[in-house]
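Asks: Got a structure for you, run24.cif, holding mmCIF, C-alpha atoms.
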```cif
data_protein
loop_
_atom_site.label_atom_id
_atom_site.label_comp_id
_atom_site.auth_asym_id
_atom_site.auth_seq_id
_atom_site.Cartn_x
_atom_site.Cartn_y
_atom_site.Cartn_z
CA MET S 407 206.90 63.44 148.51
CA GLU S 408 203.47 62.38 149.81
CA SER S 409 203.61 65.08 152.48
CA LEU S 410 204.30 67.73 149.87
CA ARG S 411 201.38 66.52 147.73
CA ARG S 412 199.00 66.66 150.70
CA TRP S 413 200.29 70.12 151.65
CA VAL S 414 199.71 71.43 148.12
CA ASN S 415 196.23 69.88 147.94
CA GLN S 416 195.32 71.38 151.32
CA ALA S 417 196.58 74.79 150.17
CA LEU S 418 194.29 74.51 147.12
CA VAL S 419 191.34 73.65 149.36
CA ASP S 420 192.15 76.51 151.74
CA GLY S 421 192.40 78.86 148.76
CA GLY S 422 189.01 77.81 147.44
CA GLU S 423 190.45 76.28 144.30
CA ARG S 424 189.56 72.73 145.27
CA ARG S 425 186.66 71.14 147.13
CA GLY S 426 187.14 69.71 150.58
CA ALA S 427 187.46 70.61 154.23
CA THR S 428 189.67 73.59 154.96
CA THR S 429 192.44 73.48 157.54
CA GLU S 430 190.20 75.42 159.91
CA GLU S 431 187.33 72.99 159.38
CA LEU S 432 189.62 69.99 159.89
CA ALA S 433 190.84 71.48 163.17
CA GLU S 434 187.24 72.03 164.27
CA ILE S 435 186.30 68.46 163.32
CA LYS S 436 189.24 67.13 165.34
CA GLU S 437 188.24 69.27 168.33
CA LEU S 438 184.59 68.17 168.11
CA LYS S 439 185.55 64.50 167.87
CA ALA S 440 187.64 64.87 171.03
CA LYS S 441 184.73 66.60 172.77
CA VAL S 442 182.32 63.84 171.75
CA ARG S 443 184.76 61.22 173.05
CA ARG S 444 185.02 63.03 176.41
CA LEU S 445 181.24 63.39 176.64
CA GLU S 446 180.74 59.71 175.87
CA GLU S 447 183.21 58.83 178.62
CA ASP S 448 181.42 61.17 181.05
CA LEU S 449 178.08 59.61 180.12
CA GLU S 450 179.41 56.11 180.74
CA ILE S 451 180.66 57.19 184.18
CA ALA S 452 177.28 58.78 184.97
CA LYS S 453 175.47 55.60 183.93
CA LYS S 454 177.68 53.46 186.16
CA ALA S 455 177.23 55.89 189.06
CA SER S 456 173.46 55.90 188.68
CA ILE S 457 173.39 52.09 188.71
CA PHE S 458 175.57 52.07 191.83
CA PHE S 459 173.48 54.65 193.68
CA ALA S 460 170.21 53.03 192.63
CA GLY S 461 171.48 49.84 194.23
CA GLU S 462 172.46 51.71 197.39
CA LEU S 463 168.96 53.15 197.69
CA ASP S 464 167.21 49.84 197.11
CA PRO S 465 165.68 48.78 200.46
CA ARG S 466 166.29 45.12 199.60
CA ASN S 467 170.03 45.81 199.94
CA ARG S 468 169.74 46.92 203.57
#
```
Now, as a test, write the supplied structure out as structure tokens.
Replies:
Amino acid sequence: MESLRRWVNQALVDGGERRGATTEELAEIKELKAKVRRLEEDLEIAKKASIFFAGELDPRNR
């Protein structure tokens, strides 16, 4: 029953009869959140790599 209620409410939003994020907007939000998560992971890897390579270039480590 809950699923049906959500489906009806979303149909009202998509039809402009109710305020809220449309199905298309919700899909975009989901996609953007996934992209942000991937970019944050990439940034963390880049930070770790830069620390590693900075240590490799440090003459005190030779």
Asks: Do you have the CA of Ala417 (chain S)-CA of Thr429 (chain S) distance handy?
Replies: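 Those two atoms sit 8.6 Å apart.
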Asks: Residues within 12 Å of Asn415 (chain S), please, as an mmCIF file with C-alpha atoms, in the frame of the given file. Count only C-alpha atoms; anything in the same chain fewer than 3 positions from it doesn't count.
Replies:
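Produced file result06.cif, reproduced below:
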```cif
data_model
loop_
_atom_site.group_PDB
_atom_site.id
_atom_site.type_symbol
_atom_site.label_atom_id
_atom_site.label_comp_id
_atom_site.auth_asym_id
_atom_site.auth_seq_id
_atom_site.Cartn_x
_atom_site.Cartn_y
_atom_site.Cartn_z
ATOM 1 C CA GLU S 408 203.470 62.380 149.810
ATOM 2 C CA SER S 409 203.610 65.080 152.480
ATOM 3 C CA LEU S 410 204.300 67.730 149.870
ATOM 4 C CA ARG S 411 201.380 66.520 147.730
ATOM 5 C CA ARG S 412 199.000 66.660 150.700
ATOM 6 C CA LEU S 418 194.290 74.510 147.120
ATOM 7 C CA VAL S 419 191.340 73.650 149.360
ATOM 8 C CA ASP S 420 192.150 76.510 151.740
ATOM 9 C CA GLY S 421 192.400 78.860 148.760
ATOM 10 C CA GLY S 422 189.010 77.810 147.440
ATOM 11 C CA GLU S 423 190.450 76.280 144.300
ATOM 12 C CA ARG S 424 189.560 72.730 145.270
ATOM 13 C CA ARG S 425 186.660 71.140 147.130
ATOM 14 C CA GLY S 426 187.140 69.710 150.580
ATOM 15 C CA ALA S 427 187.460 70.610 154.230
ATOM 16 C CA THR S 428 189.670 73.590 154.960
ATOM 17 C CA THR S 429 192.440 73.480 157.540
#
```
Asks: How many Å separate CA of Glu437 (chain S) from CA of Glu450 (chain S)?
Replies: 20.1 Å
Asks: Quick check, in Å to one decimal: how far apart do CA of Trp413 (chain S) and CA of Leu432 (chain S) lie?
Replies: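 Straight-line distance from CA of Trp413 (chain S) to CA of Leu432 (chain S) works out to 13.5 Å.
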Asks: Rebuild region 429-459 of chain S so that it carries N, CA and C atoms, then output the result as a PDB file, in the coordinates of the input.
Replies:
```pdb
ATOM      1  N   THR S 429     191.615  73.749 156.360  1.00  0.00           N
ATOM      2  CA  THR S 429     192.440  73.480 157.540  1.00  0.00           C
ATOM      3  C   THR S 429     191.676  73.845 158.807  1.00  0.00           C
ATOM      4  N   GLU S 430     190.981  74.976 158.750  1.00  0.00           N
ATOM      5  CA  GLU S 430     190.200  75.420 159.910  1.00  0.00           C
ATOM      6  C   GLU S 430     189.075  74.420 160.210  1.00  0.00           C
ATOM      7  N   GLU S 431     188.403  73.953 159.188  1.00  0.00           N
ATOM      8  CA  GLU S 431     187.330  72.990 159.380  1.00  0.00           C
ATOM      9  C   GLU S 431     187.869  71.662 159.907  1.00  0.00           C
ATOM     10  N   LEU S 432     189.014  71.235 159.399  1.00  0.00           N
ATOM     11  CA  LEU S 432     189.620  69.990 159.890  1.00  0.00           C
ATOM     12  C   LEU S 432     189.995  70.100 161.358  1.00  0.00           C
ATOM     13  N   ALA S 433     190.492  71.268 161.763  1.00  0.00           N
ATOM     14  CA  ALA S 433     190.840  71.480 163.170  1.00  0.00           C
ATOM     15  C   ALA S 433     189.577  71.437 164.032  1.00  0.00           C
ATOM     16  N   GLU S 434     188.497  72.037 163.529  1.00  0.00           N
ATOM     17  CA  GLU S 434     187.240  72.030 164.270  1.00  0.00           C
ATOM     18  C   GLU S 434     186.684  70.610 164.385  1.00  0.00           C
ATOM     19  N   ILE S 435     186.758  69.846 163.300  1.00  0.00           N
ATOM     20  CA  ILE S 435     186.300  68.460 163.320  1.00  0.00           C
ATOM     21  C   ILE S 435     187.087  67.661 164.349  1.00  0.00           C
ATOM     22  N   LYS S 436     188.388  67.838 164.377  1.00  0.00           N
ATOM     23  CA  LYS S 436     189.240  67.130 165.340  1.00  0.00           C
ATOM     24  C   LYS S 436     188.845  67.494 166.771  1.00  0.00           C
ATOM     25  N   GLU S 437     188.628  68.788 167.000  1.00  0.00           N
ATOM     26  CA  GLU S 437     188.240  69.270 168.330  1.00  0.00           C
ATOM     27  C   GLU S 437     186.881  68.700 168.734  1.00  0.00           C
ATOM     28  N   LEU S 438     185.934  68.686 167.803  1.00  0.00           N
ATOM     29  CA  LEU S 438     184.590  68.170 168.110  1.00  0.00           C
ATOM     30  C   LEU S 438     184.616  66.670 168.367  1.00  0.00           C
ATOM     31  N   LYS S 439     185.430  65.937 167.629  1.00  0.00           N
ATOM     32  CA  LYS S 439     185.550  64.500 167.870  1.00  0.00           C
ATOM     33  C   LYS S 439     186.098  64.229 169.267  1.00  0.00           C
ATOM     34  N   ALA S 440     187.080  65.025 169.688  1.00  0.00           N
ATOM     35  CA  ALA S 440     187.640  64.870 171.030  1.00  0.00           C
ATOM     36  C   ALA S 440     186.582  65.190 172.085  1.00  0.00           C
ATOM     37  N   LYS S 441     185.779  66.226 171.819  1.00  0.00           N
ATOM     38  CA  LYS S 441     184.730  66.600 172.770  1.00  0.00           C
ATOM     39  C   LYS S 441     183.675  65.502 172.873  1.00  0.00           C
ATOM     40  N   VAL S 442     183.289  64.936 171.749  1.00  0.00           N
ATOM     41  CA  VAL S 442     182.320  63.840 171.750  1.00  0.00           C
ATOM     42  C   VAL S 442     182.867  62.659 172.541  1.00  0.00           C
ATOM     43  N   ARG S 443     184.148  62.332 172.323  1.00  0.00           N
ATOM     44  CA  ARG S 443     184.760  61.220 173.050  1.00  0.00           C
ATOM     45  C   ARG S 443     184.731  61.469 174.553  1.00  0.00           C
ATOM     46  N   ARG S 444     185.061  62.707 174.977  1.00  0.00           N
ATOM     47  CA  ARG S 444     185.020  63.030 176.410  1.00  0.00           C
ATOM     48  C   ARG S 444     183.595  62.947 176.959  1.00  0.00           C
ATOM     49  N   LEU S 445     182.627  63.442 176.192  1.00  0.00           N
ATOM     50  CA  LEU S 445     181.240  63.390 176.640  1.00  0.00           C
ATOM     51  C   LEU S 445     180.731  61.961 176.737  1.00  0.00           C
ATOM     52  N   GLU S 446     181.138  61.122 175.798  1.00  0.00           N
ATOM     53  CA  GLU S 446     180.740  59.710 175.870  1.00  0.00           C
ATOM     54  C   GLU S 446     181.338  59.038 177.097  1.00  0.00           C
ATOM     55  N   GLU S 447     182.584  59.382 177.419  1.00  0.00           N
ATOM     56  CA  GLU S 447     183.210  58.830 178.620  1.00  0.00           C
ATOM     57  C   GLU S 447     182.492  59.323 179.868  1.00  0.00           C
ATOM     58  N   ASP S 448     182.149  60.608 179.899  1.00  0.00           N
ATOM     59  CA  ASP S 448     181.420  61.170 181.050  1.00  0.00           C
ATOM     60  C   ASP S 448     180.056  60.499 181.194  1.00  0.00           C
ATOM     61  N   LEU S 449     179.386  60.262 180.085  1.00  0.00           N
ATOM     62  CA  LEU S 449     178.080  59.610 180.120  1.00  0.00           C
ATOM     63  C   LEU S 449     178.187  58.194 180.658  1.00  0.00           C
ATOM     64  N   GLU S 450     179.216  57.480 180.257  1.00  0.00           N
ATOM     65  CA  GLU S 450     179.410  56.110 180.740  1.00  0.00           C
ATOM     66  C   GLU S 450     179.648  56.109 182.261  1.00  0.00           C
ATOM     67  N   ILE S 451     180.427  57.069 182.735  1.00  0.00           N
ATOM     68  CA  ILE S 451     180.660  57.190 184.180  1.00  0.00           C
ATOM     69  C   ILE S 451     179.354  57.500 184.903  1.00  0.00           C
ATOM     70  N   ALA S 452     178.560  58.414 184.344  1.00  0.00           N
ATOM     71  CA  ALA S 452     177.280  58.780 184.970  1.00  0.00           C
ATOM     72  C   ALA S 452     176.332  57.584 185.001  1.00  0.00           C
ATOM     73  N   LYS S 453     176.319  56.793 183.944  1.00  0.00           N
ATOM     74  CA  LYS S 453     175.470  55.600 183.930  1.00  0.00           C
ATOM     75  C   LYS S 453     175.881  54.625 185.018  1.00  0.00           C
ATOM     76  N   LYS S 454     177.187  54.389 185.145  1.00  0.00           N
ATOM     77  CA  LYS S 454     177.680  53.460 186.160  1.00  0.00           C
ATOM     78  C   LYS S 454     177.377  53.985 187.561  1.00  0.00           C
ATOM     79  N   ALA S 455     177.519  55.304 187.750  1.00  0.00           N
ATOM     80  CA  ALA S 455     177.230  55.890 189.060  1.00  0.00           C
ATOM     81  C   ALA S 455     175.745  55.774 189.388  1.00  0.00           C
ATOM     82  N   SER S 456     174.894  55.985 188.398  1.00  0.00           N
ATOM     83  CA  SER S 456     173.460  55.900 188.680  1.00  0.00           C
ATOM     84  C   SER S 456     173.061  54.472 189.024  1.00  0.00           C
ATOM     85  N   ILE S 457     173.664  53.497 188.379  1.00  0.00           N
ATOM     86  CA  ILE S 457     173.390  52.090 188.710  1.00  0.00           C
ATOM     87  C   ILE S 457     173.848  51.792 190.141  1.00  0.00           C
ATOM     88  N   PHE S 458     175.035  52.290 190.479  1.00  0.00           N
ATOM     89  CA  PHE S 458     175.570  52.070 191.830  1.00  0.00           C
ATOM     90  C   PHE S 458     174.654  52.690 192.877  1.00  0.00           C
ATOM     91  N   PHE S 459     174.283  53.965 192.682  1.00  0.00           N
ATOM     92  CA  PHE S 459     173.480  54.650 193.680  1.00  0.00           C
ATOM     93  C   PHE S 459     172.057  54.113 193.737  1.00  0.00           C
TER      94      PHE S 459
END
```
